[in-house]
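Trainee: Below you'll find query_1.tsv; it's TSV, C-alpha atoms.
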```
chain	number	residue	atom	x	y	z
A	16	MET	CA	-5.56	-10.05	0.28
A	17	SER	CA	-3.19	-12.93	-0.22
A	18	ASP	CA	0.25	-11.84	-1.31
A	19	ARG	CA	1.03	-12.96	-4.85
A	20	ARG	CA	4.71	-12.16	-4.78
A	21	THR	CA	7.12	-15.03	-5.29
A	22	ASP	CA	8.97	-16.55	-2.35
A	23	LEU	CA	12.16	-14.87	-3.52
A	24	GLU	CA	10.40	-11.50	-3.66
A	25	LEU	CA	8.99	-11.99	-0.16
A	26	LEU	CA	12.37	-12.96	1.29
A	27	ARG	CA	14.09	-10.02	-0.41
A	28	ALA	CA	11.37	-7.67	0.84
A	29	THR	CA	11.64	-8.83	4.45
A	30	PRO	CA	14.47	-6.51	5.59
A	31	ARG	CA	12.36	-3.53	4.51
A	32	GLU	CA	8.89	-4.90	5.09
A	33	ALA	CA	8.33	-7.21	8.04
A	34	ALA	CA	4.90	-8.23	6.78
A	35	ALA	CA	6.54	-9.90	3.77
A	36	PHE	CA	7.98	-12.55	6.08
A	37	GLY	CA	4.53	-12.95	7.60
A	38	ALA	CA	3.22	-13.74	4.12
A	39	PHE	CA	6.09	-16.17	3.53
A	40	TYR	CA	5.25	-17.85	6.83
A	41	GLU	CA	1.55	-18.14	5.98
A	42	ARG	CA	2.41	-19.71	2.64
A	43	HIS	CA	4.67	-22.43	4.03
A	44	GLU	CA	3.50	-22.95	7.60
A	45	GLU	CA	1.45	-26.04	6.77
A	46	THR	CA	4.23	-27.68	4.75
A	47	VAL	CA	6.78	-27.26	7.52
A	48	LEU	CA	4.34	-28.27	10.24
A	49	LEU	CA	3.40	-31.42	8.31
A	50	PHE	CA	7.02	-32.30	7.65
A	51	LEU	CA	7.81	-32.07	11.36
A	52	LEU	CA	4.55	-33.64	12.55
A	53	ARG	CA	5.18	-36.75	10.49
A	54	ARG	CA	8.68	-37.09	11.88
A	55	THR	CA	7.89	-36.39	15.52
A	56	GLY	CA	4.23	-37.41	15.85
A	57	ASP	CA	3.96	-34.73	18.52
A	58	PRO	CA	2.03	-31.52	17.73
A	59	GLU	CA	3.69	-29.49	20.50
A	60	LEU	CA	7.16	-30.56	19.50
A	61	ALA	CA	6.39	-29.95	15.84
A	62	ALA	CA	5.12	-26.44	16.64
A	63	ASP	CA	8.29	-25.66	18.62
A	64	LEU	CA	10.50	-26.94	15.81
A	65	THR	CA	8.45	-24.99	13.26
A	66	ALA	CA	9.01	-21.82	15.26
A	67	GLU	CA	12.77	-22.43	15.35
A	68	THR	CA	12.82	-23.26	11.64
A	69	PHE	CA	11.15	-20.00	10.64
A	70	ALA	CA	13.26	-18.02	13.12
A	71	GLN	CA	16.39	-19.40	11.44
A	72	ALA	CA	14.91	-18.63	8.02
A	73	LEU	CA	14.23	-15.05	9.13
A	74	ILE	CA	17.79	-14.57	10.32
A	75	GLY	CA	19.13	-16.10	7.13
A	76	CYS	CA	16.66	-14.66	4.61
A	77	GLU	CA	19.21	-12.27	3.14
A	78	ARG	CA	21.53	-15.18	2.44
A	79	PHE	CA	18.92	-17.11	0.47
A	80	ARG	CA	20.05	-17.49	-3.13
A	81	PRO	CA	17.63	-18.61	-5.82
A	82	GLY	CA	18.53	-21.82	-7.57
A	83	PRO	CA	16.82	-24.69	-9.30
A	84	ALA	CA	15.16	-25.78	-6.03
A	85	PRO	CA	12.25	-23.67	-4.71
A	86	ALA	CA	12.50	-21.69	-1.47
A	87	VAL	CA	10.38	-24.26	0.31
A	88	ALA	CA	13.18	-26.81	-0.25
A	89	TRP	CA	15.57	-24.42	1.53
A	90	LEU	CA	13.02	-24.14	4.34
A	91	ILE	CA	12.60	-27.92	4.63
A	92	GLY	CA	16.40	-28.22	4.71
A	93	ILE	CA	16.44	-25.89	7.73
A	94	ALA	CA	13.64	-27.92	9.35
A	95	ARG	CA	15.54	-31.16	8.77
A	96	ASN	CA	18.73	-29.74	10.31
A	97	THR	CA	16.81	-28.28	13.25
A	98	LEU	CA	15.20	-31.65	13.92
A	99	ALA	CA	18.53	-33.50	13.63
A	100	MET	CA	20.30	-31.05	15.96
A	101	SER	CA	17.46	-31.24	18.46
A	102	ARG	CA	17.59	-35.03	18.49
A	103	ARG	CA	21.35	-35.02	18.89
A	104	ARG	CA	21.24	-32.61	21.82
A	105	GLY	CA	18.12	-34.09	23.41
A	106	ARG	CA	16.30	-30.75	23.48
A	107	VAL	CA	14.55	-28.52	20.99
A	108	GLU	CA	16.88	-26.04	19.38
A	109	ALA	CA	16.02	-22.47	20.40
A	110	ALA	CA	19.10	-20.43	19.49
A	111	ALA	CA	17.45	-18.46	16.69
A	112	ARG	CA	14.33	-17.73	18.73
A	113	GLN	CA	16.48	-16.56	21.63
A	114	ARG	CA	18.47	-14.32	19.32
A	115	LEU	CA	15.23	-12.77	18.08
A	116	ALA	CA	13.82	-12.54	21.63
A	117	MET	CA	10.77	-14.55	20.60
A	118	GLN	CA	8.24	-15.66	23.19
A	119	PRO	CA	7.80	-19.39	23.88
A	120	MET	CA	4.97	-21.04	21.97
A	121	VAL	CA	1.72	-21.46	23.92
A	122	LEU	CA	-0.69	-23.94	22.35
A	123	ASP	CA	-4.28	-24.12	23.53
A	124	ASP	CA	-6.45	-27.23	23.21
A	125	GLU	CA	-8.13	-25.98	20.06
A	126	THR	CA	-4.78	-25.45	18.32
A	127	LEU	CA	-3.53	-28.87	19.37
A	128	GLU	CA	-6.68	-30.42	17.99
A	129	ARG	CA	-6.28	-28.59	14.69
A	130	LEU	CA	-2.68	-29.76	14.45
A	131	GLU	CA	-3.75	-33.34	15.04
A	132	ARG	CA	-6.35	-33.01	12.30
A	133	LEU	CA	-3.72	-31.52	10.01
A	134	ASP	CA	-1.69	-34.67	10.41
A	135	GLU	CA	-4.73	-36.79	9.58
A	136	HIS	CA	-5.17	-34.88	6.35
A	137	GLY	CA	-1.46	-35.19	5.69
A	138	SER	CA	-1.61	-38.95	6.22
A	139	LEU	CA	-4.46	-39.14	3.77
A	140	ALA	CA	-2.51	-37.21	1.14
A	141	ALA	CA	0.55	-39.39	1.69
A	142	ALA	CA	-1.50	-42.60	1.45
A	143	LEU	CA	-3.14	-41.34	-1.72
A	144	ASP	CA	0.25	-40.68	-3.28
A	145	GLU	CA	1.27	-44.26	-2.55
A	146	LEU	CA	-1.53	-45.74	-4.67
A	147	PRO	CA	-0.77	-47.01	-8.18
A	148	PRO	CA	-1.04	-44.00	-10.56
A	149	GLU	CA	-4.19	-45.19	-12.34
A	150	GLN	CA	-6.03	-45.71	-9.01
A	151	ARG	CA	-4.68	-42.47	-7.52
A	152	ASP	CA	-5.84	-40.43	-10.52
A	153	ALA	CA	-9.27	-42.06	-10.48
A	154	VAL	CA	-9.76	-41.53	-6.72
A	155	LYS	CA	-8.60	-37.91	-6.92
A	156	ALA	CA	-10.93	-37.23	-9.85
A	157	ARG	CA	-13.93	-38.79	-8.10
A	158	VAL	CA	-13.40	-37.87	-4.44
A	159	VAL	CA	-11.31	-34.72	-4.52
A	160	ASP	CA	-12.56	-33.11	-7.74
A	161	GLY	CA	-16.10	-34.57	-7.57
A	162	GLN	CA	-16.16	-35.59	-11.23
A	163	GLU	CA	-18.80	-37.94	-12.67
A	164	TYR	CA	-17.73	-41.37	-13.95
A	165	PRO	CA	-18.26	-40.62	-17.66
A	166	GLU	CA	-16.05	-37.55	-17.24
A	167	ILE	CA	-13.37	-39.57	-15.40
A	168	ALA	CA	-13.48	-42.26	-18.07
A	169	ARG	CA	-12.90	-39.68	-20.81
A	170	ALA	CA	-10.02	-38.07	-18.91
A	171	LEU	CA	-8.34	-41.40	-18.12
A	172	LEU	CA	-8.99	-42.85	-21.59
A	173	CYS	CA	-10.83	-45.88	-20.27
A	174	SER	CA	-14.40	-47.18	-20.12
A	175	GLU	CA	-16.80	-45.99	-17.43
A	176	GLN	CA	-16.82	-49.49	-15.96
A	177	VAL	CA	-13.00	-49.48	-15.64
A	178	ALA	CA	-13.09	-46.03	-14.07
A	179	ARG	CA	-15.57	-47.28	-11.43
A	180	LYS	CA	-13.36	-50.28	-10.73
A	181	ARG	CA	-10.25	-48.12	-10.30
A	182	VAL	CA	-12.04	-45.80	-7.85
A	183	SER	CA	-13.42	-48.74	-5.89
A	184	ARG	CA	-10.06	-50.53	-5.67
A	185	GLY	CA	-8.25	-47.27	-4.90
A	186	LEU	CA	-10.59	-46.45	-2.01
A	187	SER	CA	-10.25	-49.94	-0.64
A	188	ALA	CA	-6.44	-49.75	-0.78
A	189	LEU	CA	-6.53	-46.32	0.81
A	190	ARG	CA	-8.64	-47.59	3.72
A	191	THR	CA	-6.24	-50.47	4.30
A	192	ARG	CA	-3.23	-48.14	4.31
A	193	LEU	CA	-4.80	-45.64	6.70
A	194	GLU	CA	-5.95	-48.39	9.08
A	195	ALA	CA	-2.44	-49.84	9.11
A	196	ARG	CA	-1.05	-46.44	10.16
A	197	ALA	CA	-3.59	-45.82	12.93
B	30	MET	CA	-5.90	-18.76	8.45
B	31	THR	CA	-2.72	-19.97	10.07
B	32	TYR	CA	-2.39	-22.82	12.52
B	33	LEU	CA	-0.07	-20.86	14.78
B	34	PRO	CA	-1.13	-17.17	14.70
B	35	GLN	CA	1.09	-16.40	17.70
B	36	LEU	CA	4.12	-17.56	15.74
B	37	HIS	CA	3.08	-15.48	12.72
B	38	ASP	CA	2.81	-12.34	14.86
B	39	GLU	CA	6.06	-13.07	16.69
B	40	LEU	CA	7.93	-13.52	13.41
B	41	VAL	CA	6.61	-10.24	12.00
B	42	ARG	CA	7.59	-8.43	15.20
B	43	ALA	CA	11.00	-10.11	15.19
B	44	ALA	CA	11.50	-9.13	11.52
B	45	GLN	CA	10.77	-5.49	12.39
B	46	GLU	CA	13.30	-5.50	15.18
B	47	HIS	CA	15.92	-7.64	13.45
B	48	PHE	CA	16.14	-5.34	10.42
B	49	PRO	CA	15.87	-1.91	12.01
B	50	ALA	CA	18.15	0.12	9.73
B	51	GLN	CA	16.62	1.28	6.46
B	52	PRO	CA	18.80	3.45	4.20
B	53	ALA	CA	15.84	5.39	2.90
B	54	ARG	CA	14.42	6.01	6.36
B	55	ARG	CA	17.44	8.03	7.54
B	56	ARG	CA	17.10	10.42	4.67
B	57	PHE	CA	13.70	11.62	5.78
B	58	GLY	CA	14.51	12.41	9.37
B	59	ARG	CA	14.96	16.02	8.34
B	60	ALA	CA	11.53	16.39	6.83
B	61	ARG	CA	9.26	16.20	9.85
B	62	ARG	CA	7.87	19.69	9.75
B	63	SER	CA	4.79	21.35	8.39
B	64	VAL	CA	4.15	20.41	4.80
B	65	VAL	CA	1.09	22.48	3.98
B	66	LEU	CA	2.82	23.85	0.91
B	67	ALA	CA	3.91	20.41	-0.23
B	68	VAL	CA	0.34	19.19	-0.03
B	69	ALA	CA	-0.80	21.93	-2.38
B	70	VAL	CA	2.05	21.23	-4.76
B	71	SER	CA	1.33	17.55	-4.73
B	72	LEU	CA	-2.27	18.13	-5.63
B	73	GLY	CA	-0.94	19.88	-8.69
B	74	SER	CA	1.19	16.91	-9.56
B	75	VAL	CA	-1.78	14.60	-9.26
B	76	ALA	CA	-3.73	16.70	-11.72
B	77	SER	CA	-0.84	16.69	-14.17
B	78	ALA	CA	-0.75	12.91	-13.96
B	79	GLY	CA	-4.31	12.75	-15.17
B	80	ALA	CA	-5.59	11.36	-11.89
B	81	VAL	CA	-9.05	12.17	-10.66
B	82	LEU	CA	-9.66	12.22	-6.95
B	83	VAL	CA	-13.00	10.65	-6.19
B	84	ALA	CA	-15.02	10.51	-3.02
B	85	SER	CA	-15.45	6.75	-2.73
B	86	GLY	CA	-15.23	7.24	1.00
B	87	VAL	CA	-15.44	10.38	3.09
B	88	VAL	CA	-11.97	11.66	3.94
B	89	GLY	CA	-11.71	11.82	7.71
B	90	GLY	CA	-14.65	9.42	8.09
B	91	ASP	CA	-15.06	5.70	8.57
B	92	PRO	CA	-13.74	3.34	5.87
B	93	SER	CA	-16.35	2.08	3.39
B	94	THR	CA	-15.65	-1.45	4.61
B	95	PRO	CA	-14.41	-2.22	8.14
B	96	VAL	CA	-10.73	-3.00	8.54
B	97	PRO	CA	-10.54	-6.69	9.49
B	98	ARG	CA	-8.58	-7.79	12.51
B	99	ILE	CA	-5.29	-9.47	11.71
B	100	SER	CA	-4.79	-13.05	12.77
B	101	GLY	CA	-4.43	-13.31	16.55
B	102	GLU	CA	-4.53	-9.54	16.93
B	103	GLU	CA	-6.50	-9.20	20.16
B	104	ARG	CA	-5.11	-12.33	21.79
B	105	SER	CA	-1.61	-10.97	21.23
B	106	GLY	CA	-2.39	-7.76	23.11
B	107	MET	CA	-2.46	-5.74	19.88
B	108	THR	CA	-5.22	-3.25	20.58
B	109	ARG	CA	-6.17	-0.42	18.29
B	110	THR	CA	-5.46	2.89	19.94
B	111	ARG	CA	-6.76	5.09	17.09
B	112	ALA	CA	-9.75	3.93	15.06
B	113	PRO	CA	-9.33	3.43	11.30
B	114	ARG	CA	-10.09	6.60	9.31
B	115	VAL	CA	-10.04	7.36	5.61
B	116	LEU	CA	-6.98	9.53	5.02
B	117	ALA	CA	-7.30	10.03	1.28
B	118	VAL	CA	-9.12	8.66	-1.74
B	119	ALA	CA	-8.09	8.26	-5.36
B	120	ASP	CA	-9.16	6.56	-8.56
B	121	LEU	CA	-6.53	4.42	-10.25
B	122	PRO	CA	-6.88	3.93	-14.02
B	123	GLN	CA	-6.85	0.11	-13.85
B	124	THR	CA	-7.69	-0.70	-10.25
B	125	GLY	CA	-10.47	1.83	-9.77
B	126	PRO	CA	-11.32	3.69	-6.56
B	127	ILE	CA	-9.09	3.18	-3.55
B	128	GLU	CA	-9.17	4.42	0.02
B	129	LEU	CA	-6.06	5.05	2.06
B	130	ILE	CA	-6.91	4.10	5.63
B	131	GLY	CA	-4.78	4.83	8.68
B	132	TYR	CA	-4.96	3.71	12.28
B	133	ARG	CA	-2.71	3.05	15.23
B	134	MET	CA	-2.34	-0.02	17.36
B	135	ARG	CA	-0.21	-1.31	20.19
B	136	GLY	CA	2.43	-3.82	19.13
B	137	TYR	CA	2.64	-7.47	20.08
B	138	GLY	CA	2.27	-8.00	23.82
B	139	GLY	CA	1.16	-4.37	24.20
B	140	ARG	CA	4.69	-3.14	23.45
B	141	GLY	CA	5.19	0.10	21.54
B	142	GLU	CA	2.85	1.67	19.02
B	143	LEU	CA	2.49	0.97	15.35
B	144	LEU	CA	1.22	3.17	12.56
B	145	CYS	CA	-0.82	1.10	10.15
B	146	LEU	CA	-1.77	2.05	6.60
B	147	ASP	CA	-4.13	0.07	4.39
B	148	VAL	CA	-5.05	0.54	0.76
B	149	ALA	CA	-8.60	-0.72	0.32
B	150	GLN	CA	-10.01	-1.35	-3.12
B	151	ALA	CA	-13.59	-1.39	-4.27
B	152	SER	CA	-13.26	-5.12	-4.96
B	153	GLY	CA	-12.71	-5.71	-1.24
B	154	SER	CA	-9.02	-6.51	-1.70
B	155	ARG	CA	-6.66	-4.68	0.57
B	156	ALA	CA	-2.94	-4.39	1.13
B	157	GLY	CA	-1.62	-3.11	4.36
B	158	GLY	CA	1.26	-2.86	6.72
B	159	CYS	CA	2.25	-1.49	10.09
B	160	ASP	CA	5.52	0.01	11.16
B	161	ARG	CA	6.88	1.46	14.34
B	162	ASP	CA	8.07	4.58	12.58
B	163	LEU	CA	6.27	7.42	10.97
B	164	PRO	CA	6.05	7.20	7.20
B	165	GLY	CA	9.36	8.68	6.21
B	166	ARG	CA	10.59	6.00	3.88
B	167	ALA	CA	10.67	6.68	0.22
B	168	ALA	CA	9.39	3.25	-0.64
B	169	GLY	CA	8.38	0.02	0.87
B	170	LEU	CA	6.34	0.94	3.92
B	171	LEU	CA	3.81	-1.46	2.52
B	172	GLY	CA	6.12	-2.99	-0.06
B	173	THR	CA	4.31	-3.84	-3.23
B	174	GLY	CA	1.03	-5.61	-3.56
B	175	VAL	CA	-1.22	-6.83	-6.31
B	176	GLY	CA	-4.25	-4.80	-7.20
B	177	GLY	CA	-7.28	-7.06	-6.92
B	178	ASP	CA	-9.47	-7.46	-9.96
B	179	ALA	CA	-7.24	-5.66	-12.40
B	180	GLY	CA	-4.35	-8.03	-11.69
B	181	ARG	CA	-1.91	-5.16	-11.53
B	182	ARG	CA	0.99	-4.86	-9.17
B	183	LEU	CA	0.70	-1.82	-6.93
B	184	ALA	CA	3.94	-0.10	-5.98
B	185	VAL	CA	3.21	2.00	-2.92
B	186	GLY	CA	5.16	4.16	-0.54
B	187	ALA	CA	4.89	7.03	1.88
B	188	THR	CA	7.12	10.00	2.48
B	189	SER	CA	7.14	13.01	4.77
B	190	ASP	CA	9.68	14.75	2.52
B	191	ASP	CA	8.00	18.12	2.05
B	192	ALA	CA	9.93	18.90	-1.14
B	193	VAL	CA	8.34	16.10	-3.14
B	194	ALA	CA	6.03	17.25	-5.93
B	195	SER	CA	5.77	14.09	-8.01
B	196	VAL	CA	6.90	10.49	-8.04
B	197	ASP	CA	7.61	8.39	-11.11
B	198	VAL	CA	8.11	4.65	-10.90
B	199	SER	CA	10.42	3.06	-13.46
B	200	TYR	CA	10.59	-0.68	-14.03
B	201	ARG	CA	11.70	-3.29	-16.52
B	202	ARG	CA	9.37	-5.45	-18.57
B	203	ASP	CA	10.20	-7.73	-21.47
B	204	GLY	CA	13.75	-6.37	-21.41
B	205	ARG	CA	12.61	-2.76	-21.79
B	206	ASP	CA	12.58	0.16	-19.38
B	207	GLU	CA	9.19	1.72	-18.75
B	208	VAL	CA	7.99	4.53	-16.50
B	209	VAL	CA	4.63	5.29	-14.94
B	210	ARG	CA	3.58	8.36	-12.99
B	211	ALA	CA	2.44	7.53	-9.47
B	212	ILE	CA	-0.77	8.89	-8.08
B	213	VAL	CA	0.17	11.05	-5.12
B	214	MET	CA	-2.30	11.11	-2.26
B	215	PRO	CA	-1.60	13.92	0.17
B	216	VAL	CA	-2.74	13.27	3.72
B	217	GLU	CA	-4.04	16.41	5.33
B	218	GLN	CA	-2.13	17.63	8.33
B	219	ARG	CA	-5.17	17.54	10.62
B	220	LEU	CA	-5.73	13.86	9.82
B	221	ALA	CA	-2.06	12.98	10.12
B	222	GLU	CA	-1.89	14.71	13.49
B	223	LYS	CA	-4.78	12.60	14.74
B	224	LEU	CA	-2.56	9.62	13.99
B	225	GLY	CA	0.35	11.25	15.81
B	226	SER	CA	2.18	11.74	12.52
B	227	PRO	CA	3.41	14.71	10.51
B	228	ALA	CA	1.57	15.34	7.26
B	229	PHE	CA	2.79	12.99	4.59
B	230	LEU	CA	2.31	11.91	1.02
B	231	TYR	CA	1.30	8.47	-0.05
B	232	TYR	CA	1.97	7.38	-3.60
B	233	VAL	CA	0.59	4.50	-5.62
B	234	ALA	CA	1.66	3.34	-9.07
B	235	GLU	CA	0.07	0.57	-11.07
B	236	LEU	CA	2.64	-1.71	-12.67
B	237	PRO	CA	2.14	-4.66	-15.01
B	238	ILE	CA	2.06	-7.94	-13.13
B	239	ASP	CA	5.41	-9.00	-14.66
B	240	ALA	CA	7.24	-5.74	-13.92
B	241	THR	CA	10.61	-6.11	-12.21
B	242	GLY	CA	13.23	-3.79	-10.74
B	243	ALA	CA	10.80	-1.03	-9.77
B	244	VAL	CA	12.39	2.21	-8.61
B	245	ALA	CA	10.60	5.30	-7.32
B	246	VAL	CA	12.05	8.63	-8.44
B	247	ALA	CA	10.86	11.65	-6.48
B	248	ARG	CA	11.09	15.12	-8.01
B	249	ASP	CA	10.57	18.61	-6.66
B	250	PHE	CA	8.25	21.09	-8.33
B	251	GLY	CA	11.10	22.31	-10.51
B	252	GLY	CA	11.40	18.80	-11.95
B	253	LYS	CA	14.71	18.16	-10.24
B	254	ASP	CA	15.39	14.64	-8.95
B	255	LEU	CA	15.27	14.51	-5.17
B	256	TRP	CA	15.86	10.85	-4.46
B	257	ARG	CA	15.48	7.36	-5.81
B	258	ALA	CA	14.30	4.36	-3.83
B	259	ALA	CA	14.29	0.83	-5.12
B	260	PHE	CA	11.34	-1.43	-4.38
B	261	VAL	CA	12.60	-4.73	-3.21
B	262	ALA	CA	10.05	-6.84	-5.01
```
Could you render the structure from this file as structure tokens?

Mentor:
Amino acid sequence: MSDRRTDLELLRATPREAAAFGAFYERHEETVLLFLLRRTGDPELAADLTAETFAQALIGCERFRPGPAPAVAWLIGIARNTLAMSRRRGRVEAAARQRLAMQPMVLDDETLERLERLDEHGSLAAALDELPPEQRDAVKARVVDGQEYPEIARALLCSEQVARKRVSRGLSALRTRLEARA
Amino acid sequence: MTYLPQLHDELVRAAQEHFPAQPARRRFGRARRSVVLAVAVSLGSVASAGAVLVASGVVGGDPSTPVPRISGEERSGMTRTRAPRVLAVADLPQTGPIELIGYRMRGYGGRGELLCLDVAQASGSRAGGCDRDLPGRAAGLLGTGVGGDAGRRLAVGATSDDAVASVDVSYRRDGRDEVVRAIVMPVEQRLAEKLGSPAFLYYVAELPIDATGAVAVARDFGGKDLWRAAFVA
């Protein structure tokens, strides 16, 4: 059963219920991994930095204070600092993991492959977000949501012909962007 | 499914070891003795709460649905040392029938032993947790979870305090204080012993999804307050 508590509830529960941090990790693992994958381009390095990020979050979970920004912003802040410190020192930060006596990460081939695919999906999402809004909305409606053109046209307040054009141009722009990144 | 199950398991283990001291846990160190009388008393409290025990699964038998392996369980050396067994059954007004399932497993890397308790619902939803210690805490062994189809928040806890006859859970909602009587599920001594545990009580209360500030209040059979334990969620 997926845990439906808020991030704040999970972090507050952690000192009494270790599994709450497990749920917090499951919820934000992909976001942190993607953030670090895009900045390092190295799945193993990103996994190591992700481990250190969550270890620091675990140690500091009682200090987390709710504010206008969501907990994931706090987590990304930790990831950003961990990455900056690691670059400055020329090695991956491991202080929090050492303090918690955590085992080194061991990644098998299957995991590495999944992480590489995760980055592909992340690149796709990023490229989609870069499209002009009318093309992005049309492509998402057609490709992601699987809507028919008349339905898209109604939702985007345009003719069916215009909707088809926006999808076609959007996909073409998307292909160009992804090829440029490869 | 996580990308890095090893990291998930390591973080949960690290959280258990990093936050070892629980105020409520110390209180129950005294209560690890026979609680045959408390079991009988608790059955009385269940009846007074209007709860009906139902045989959705056979107590002492296999769970109605198998307990799934947690992510990376076997690869991490976490082997089950006692098979899952139904410890108690109950019927919650909103959620419906539930089974309390207990088992033991070795911790990450084969270190130490964990007692695991799951609440399985007829819908297939389940909430569970493992801890190194026997269930002595007043609240929060499994924290709080959300009860499947009914969309209710389940406040759950376990205690080996043999003086407990009933548990009420108070909470705030829409700026008002409300109270609900928890269903108390006594775990028979013979079943608890098979798990290497003293007999204990497990309690479940259904709260509205937007309830906040939940606190369990345990009372003895004279109605006197024994202890209060705040749920963290």

Trainee: Do you know which residues are at most 6 Å from segment 35-45 of chain B counting only C-alpha atoms, after dropping those on the same chain fewer than 3 positions away, and could you put them as a list in words?

Mentor: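 Surrounding residues, per the criterion: Ala33, Ala34, Gly37 and Leu115 of chain A; Phe48 of chain B.
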
Trainee: Compute the set of chain A residues within 9 Å of chain B, using all atoms listed in the file, and express it as a ChimeraX atom specification.

Mentor: /A:16-21,23-25,27-38,40-41,44-45,48,62,65-66,69-70,73-74,115-118,120-122,126,129-130

Trainee: Counting all atoms listed in the file, which of A:Pro58, A:Thr68, A:Ser183, A:Glu149 gets nearest to Glu125 of chain A?

Mentor: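 Nearest to Glu125 of chain A: A:Pro58.
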
Trainee: In Å, how far is it from atom CA of Lys223 of chain B to atom CA of Pro126 of chain B?

Mentor: 24.0 Å

Trainee: Would you be able to write out as a list in words which residues have an atom within 9 Å of (11.4, 12.9, -9.3) in the file's coordinates, counting all atoms listed in the file?

Mentor: Val193, Ala194, Ser195, Val196, Asp197, Ala245, Val246, Ala247, Arg248, Asp249, Phe250, Gly252, Lys253, Asp254, Leu255, Trp256 and Arg257 of chain B

Trainee: Could you pull the residues within 8 Å of Ala61 of chain A, counting all atoms listed in the file, minus those fewer than 6 positions along the same chain, as a PyMOL selection string?

Mentor: chain A and resi 48+51-52+55

Trainee: Between atom CA of Val118 of chain B and atom CA of Ala234 of chain B, measure the distance and give it in Å to one decimal.

Mentor: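 Atom-to-atom, atom CA of Val118 of chain B to atom CA of Ala234 of chain B, that is 14.1 Å.
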
Trainee: Using Å and a single decimal, report how far atom CA of Val209 of chain B sits from atom CA of Ser93 of chain B.

Mentor: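 Atom-to-atom, atom CA of Ser93 of chain B and atom CA of Val209 of chain B are spaced 28.0 Å apart.
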